[in-house]
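Trainee: Input file: protein_31.txt. Contents: compact mmCIF, C-alpha atoms.
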# COMPACT_ATOMS: atom_id res chain seq x y z
CA MET V 150 52.88 -80.44 97.71
CA THR V 151 56.59 -81.25 97.68
CA SER V 152 58.65 -79.04 99.96
CA LEU V 153 60.92 -76.32 98.68
CA VAL V 154 64.67 -76.91 99.00
CA VAL V 155 67.23 -74.08 98.94
CA ARG V 156 70.75 -75.18 98.04
CA GLU V 157 73.92 -73.82 96.50
CA MET V 158 73.81 -73.60 92.74
CA ALA V 159 75.68 -76.18 90.68
CA LEU V 160 77.21 -75.79 87.22
CA ALA V 161 74.38 -77.93 85.83
CA ASP V 162 71.89 -75.24 87.00
CA CYS V 163 73.33 -72.48 84.79
CA ASP V 164 70.89 -72.87 81.89
CA ARG V 165 67.83 -72.88 84.15
CA VAL V 166 69.12 -69.99 86.26
CA SER V 167 69.71 -67.95 83.10
CA GLU V 168 66.19 -68.73 81.92
CA ILE V 169 64.79 -67.59 85.28
CA ARG V 170 66.95 -64.44 85.29
CA ILE V 171 66.03 -63.36 81.76
CA ARG V 172 62.33 -64.20 82.10
CA GLY V 173 62.41 -62.46 85.48
CA TRP V 174 63.84 -59.29 83.92
CA GLN V 175 61.29 -59.41 81.10
CA HIS V 176 58.45 -59.80 83.59
CA ALA V 177 59.54 -57.50 86.43
CA TYR V 178 60.91 -54.66 84.32
CA GLN V 179 58.18 -54.48 81.70
CA GLY V 180 57.22 -50.81 81.47
CA LEU V 181 60.26 -49.80 83.55
CA MET V 182 62.89 -50.40 80.83
CA PRO V 183 62.74 -50.12 77.06
CA GLN V 184 60.83 -53.11 75.67
CA SER V 185 63.34 -53.45 72.83
CA TYR V 186 66.09 -54.01 75.41
CA LEU V 187 64.06 -56.61 77.31
CA ASP V 188 63.10 -58.40 74.07
CA GLY V 189 66.77 -58.53 73.07
CA LEU V 190 67.91 -60.36 76.21
CA SER V 191 69.24 -63.83 75.39
CA VAL V 192 68.97 -66.83 77.68
CA ALA V 193 71.70 -68.64 75.70
CA ALA V 194 74.16 -65.72 75.95
CA ASP V 195 73.43 -65.28 79.65
CA ALA V 196 73.95 -69.01 80.27
CA GLU V 197 77.28 -68.94 78.44
CA ARG V 198 78.49 -66.01 80.59
CA ARG V 199 77.15 -67.69 83.74
CA ARG V 200 78.98 -70.97 83.02
CA ALA V 201 82.24 -69.11 82.39
CA TRP V 202 81.85 -67.10 85.59
CA PHE V 203 80.88 -70.19 87.57
CA THR V 204 84.04 -72.06 86.62
CA GLN V 205 86.31 -69.03 87.16
CA GLY V 206 84.72 -67.45 90.26
CA ASP V 207 86.79 -66.83 93.37
CA GLY V 208 84.10 -68.08 95.76
CA SER V 209 83.21 -64.65 97.13
CA VAL V 210 79.81 -64.68 95.43
CA VAL V 211 77.39 -67.35 96.59
CA ASN V 212 74.61 -68.48 94.27
CA LEU V 213 71.58 -70.24 95.71
CA VAL V 214 68.72 -71.97 93.94
CA ALA V 215 65.31 -72.96 95.24
CA GLU V 216 63.86 -76.14 93.84
CA ARG V 217 60.73 -78.17 94.27
CA ALA V 218 60.52 -81.78 93.07
CA GLY V 219 63.89 -81.37 91.35
CA LYS V 220 62.90 -78.29 89.31
CA VAL V 221 64.74 -75.02 89.96
CA LEU V 222 62.18 -72.25 90.49
CA GLY V 223 64.33 -69.36 91.70
CA TRP V 224 67.86 -68.03 92.10
CA ALA V 225 69.64 -65.61 94.42
CA ALA V 226 73.22 -64.35 94.61
CA TYR V 227 74.98 -62.57 97.46
CA GLY V 228 78.47 -61.67 98.60
CA PRO V 229 80.54 -58.76 99.86
CA TYR V 230 79.05 -55.28 99.49
CA ARG V 231 80.69 -53.40 96.66
CA ASP V 232 81.29 -49.68 97.12
CA GLY V 233 82.60 -48.99 93.65
CA GLU V 234 85.47 -51.43 93.26
CA VAL V 235 86.05 -51.70 97.02
CA ARG V 236 84.55 -54.60 98.96
CA THR V 237 83.41 -53.64 102.44
CA GLY V 238 82.72 -55.71 105.55
CA GLU V 239 79.00 -55.67 104.77
CA ALA V 240 77.01 -58.13 102.68
CA GLU V 241 75.06 -57.43 99.51
CA LEU V 242 72.19 -59.29 97.90
CA TYR V 243 73.14 -58.97 94.24
CA ALA V 244 70.11 -60.63 92.70
CA ILE V 245 66.99 -62.62 93.42
CA TYR V 246 64.69 -63.86 90.67
CA VAL V 247 61.79 -66.29 90.64
CA ASP V 248 60.29 -68.05 87.63
CA PRO V 249 57.32 -65.74 86.84
CA ALA V 250 54.97 -68.76 86.91
CA HIS V 251 55.88 -69.27 90.58
CA LEU V 252 55.67 -65.71 91.91
CA GLY V 253 53.81 -65.53 95.21
CA SER V 254 54.48 -69.19 96.04
CA GLY V 255 57.15 -68.56 98.72
CA VAL V 256 60.18 -69.17 96.48
CA GLY V 257 61.44 -65.59 96.74
CA ARG V 258 60.87 -65.48 100.50
CA ALA V 259 62.78 -68.74 100.95
CA LEU V 260 65.73 -67.48 98.89
CA LEU V 261 65.78 -64.13 100.68
CA SER V 262 65.58 -65.76 104.10
CA ALA V 263 68.39 -68.20 103.28
CA SER V 264 70.58 -65.40 101.92
CA VAL V 265 70.02 -63.18 104.96
CA GLU V 266 70.68 -66.06 107.34
CA ARG V 267 73.94 -66.95 105.58
CA CYS V 268 75.07 -63.31 105.82
CA SER V 269 74.43 -63.07 109.57
CA SER V 270 78.14 -62.65 110.38
CA HIS V 271 78.00 -59.22 108.70
CA PRO V 272 76.58 -56.15 110.43
CA ARG V 273 74.22 -55.33 107.56
CA ILE V 274 73.00 -56.60 104.22
CA LEU V 275 72.34 -54.13 101.44
CA LEU V 276 70.71 -54.38 98.02
CA TRP V 277 69.83 -52.18 95.08
CA VAL V 278 66.37 -52.16 93.51
CA LEU V 279 64.88 -50.12 90.67
CA LYS V 280 63.25 -47.06 92.17
CA GLU V 281 60.02 -47.59 90.20
CA ASN V 282 59.77 -51.34 90.95
CA ALA V 283 57.04 -51.04 93.58
CA THR V 284 56.45 -54.80 93.75
CA ALA V 285 60.08 -55.59 94.60
CA ARG V 286 60.28 -52.70 97.04
CA ARG V 287 57.23 -54.01 98.95
CA PHE V 288 58.75 -57.51 98.96
CA TYR V 289 61.95 -56.24 100.59
CA GLU V 290 60.13 -53.95 103.01
CA ARG V 291 57.97 -56.87 104.24
CA ALA V 292 61.26 -58.69 104.97
CA GLY V 293 62.54 -55.81 107.14
CA PHE V 294 64.66 -53.94 104.58
CA ARG V 295 64.42 -50.14 104.51
CA PRO V 296 65.61 -47.57 101.98
CA ASP V 297 68.58 -45.64 103.35
CA GLY V 298 68.38 -42.65 101.01
CA ALA V 299 71.16 -43.68 98.63
CA GLU V 300 70.28 -43.56 94.95
CA GLU V 301 72.29 -44.55 91.88
CA PRO V 302 71.71 -43.55 88.29
CA PHE V 303 71.19 -46.51 85.98
CA ASP V 304 70.67 -46.16 82.26
CA VAL V 305 69.25 -48.73 79.84
CA ASP V 306 69.46 -47.83 76.16
CA GLY V 307 69.41 -44.13 77.00
CA VAL V 308 66.47 -44.38 79.41
CA PRO V 309 67.15 -43.51 83.05
CA VAL V 310 66.02 -46.21 85.49
CA PRO V 311 67.48 -45.15 88.85
CA GLU V 312 68.08 -47.60 91.67
CA VAL V 313 67.61 -47.06 95.38
CA ARG V 314 69.54 -48.84 98.11
CA TYR V 315 67.87 -50.86 100.84
CA VAL V 316 69.50 -52.05 104.04
CA LYS V 317 68.74 -54.47 106.85
CA ALA V 318 70.68 -54.68 110.11
CA LEU V 319 71.81 -58.21 110.92
CA ASN V 320 72.18 -57.96 114.69
CA TYR V 321 71.09 -61.45 115.57
Can the structure from this file be put into structure tokens for me?

Mentor:
Amino acid sequence: MTSLVVREMALADCDRVSEIRIRGWQHAYQGLMPQSYLDGLSVAADAERRRAWFTQGDGSVVNLVAERAGKVLGWAAYGPYRDGEVRTGEAELYAIYVDPAHLGSGVGRALLSASVERCSSHPRILLWVLKENATARRFYERAGFRPDGAEEPFDVDGVPVPEVRYVKALNY
């Protein structure tokens, strides 16, 4: 089997990353969010927004992709922790998604490990995960993240889907 490579995302990856993100939402959040909302997500619209952001970003958010044999299989994004509109000295994992056909193959672990390693100059890395997403919560807990008690309301088409915050100390 060809080895997995984690690298920074390029503009040419936007369409594939959007496909992974949307299919990831539709897979991971089935039963946790209204199906009509998930069905209405558009890969093309997400890719258009992603390309615009990619060309106008200030460099504070880092996007990584994991690929095997030249095919992108997963995506992660991290940067400064956002406390409202204020950026703190801590890091935040904003997103991590794996092509549903490649779940359990080490892609997510590789992206998470690379993100954590690249954030090692920060005291902690934080992330938000849907409270009811038991699969994702187990994934983060196996990697040493722990819930810190913070919870945020999140609403999708009138349905509450609260998020909980996880944290990992980065005292290397």

Trainee: Around (67.0, -50.3, 104.3) in the file's frame, which residues reach within 10 Å when counting only C-alpha atoms? Return as number ranges by chain?

Mentor: V: 273-277, 289-290, 293-299, 313-318

Trainee: Do a neighbour search on Ile245 of chain V at 12 Å with all atoms listed in the file, toss out local chain neighbours closer than 6 positions, and write the hits as a ChimeraX atom specification.

Mentor: /V:166-167,169-171,173-174,177,211-215,222-227,252,256-265,276-278,285,288-289

Trainee: Rank nothing, just name the residue among V:Ser185, V:Thr237, V:Ser254, V:Asn320 nearest to Pro272 of chain V, using all atoms listed in the file.

Mentor: V:Asn320

Trainee: Restricting the calculation to all atoms listed in the file, which member of V:Leu187, V:Val310, V:Val247, V:Val155 is positioned closest to Asn282 of chain V?

Mentor: V:Val310

Trainee: Using all atoms listed in the file, collect all residues at a distance of at most 8 Å from (80.3, -63.7, 103.8) as written in the file, then present them as a tab-separated table (two decimals) with C-alpha atoms, keeping the file's coordinate frame.

Mentor:
chain	number	residue	atom	x	y	z
V	209	SER	CA	83.21	-64.65	97.13
V	228	GLY	CA	78.47	-61.67	98.60
V	229	PRO	CA	80.54	-58.76	99.86
V	240	ALA	CA	77.01	-58.13	102.68
V	267	ARG	CA	73.94	-66.95	105.58
V	268	CYS	CA	75.07	-63.31	105.82
V	270	SER	CA	78.14	-62.65	110.38
V	271	HIS	CA	78.00	-59.22	108.70

Trainee: Please indicate the distance in Å from atom CA of Gly307 of chain V to atom CA of Lys280 of chain V, rounded to one decimal place.

Mentor: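 Those two atoms sit 16.6 Å apart.
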
Trainee: What's the separation between atom CA of Ser269 of chain V and atom CA of Leu319 of chain V, in Å to one decimal place?

Mentor: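 Distance between the two atoms: 5.7 Å.
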
Trainee: Would you kindly return, as a PyMOL selection string, each protein, DNA or RNA residue with an atom no farther than 9 Å from any atom of Asp195 of chain V, considering all atoms listed in the file and excluding same-chain residues fewer than 2 positions away?

Mentor: chain V and resi 163-164+167-168+170-171+190-193+197-200
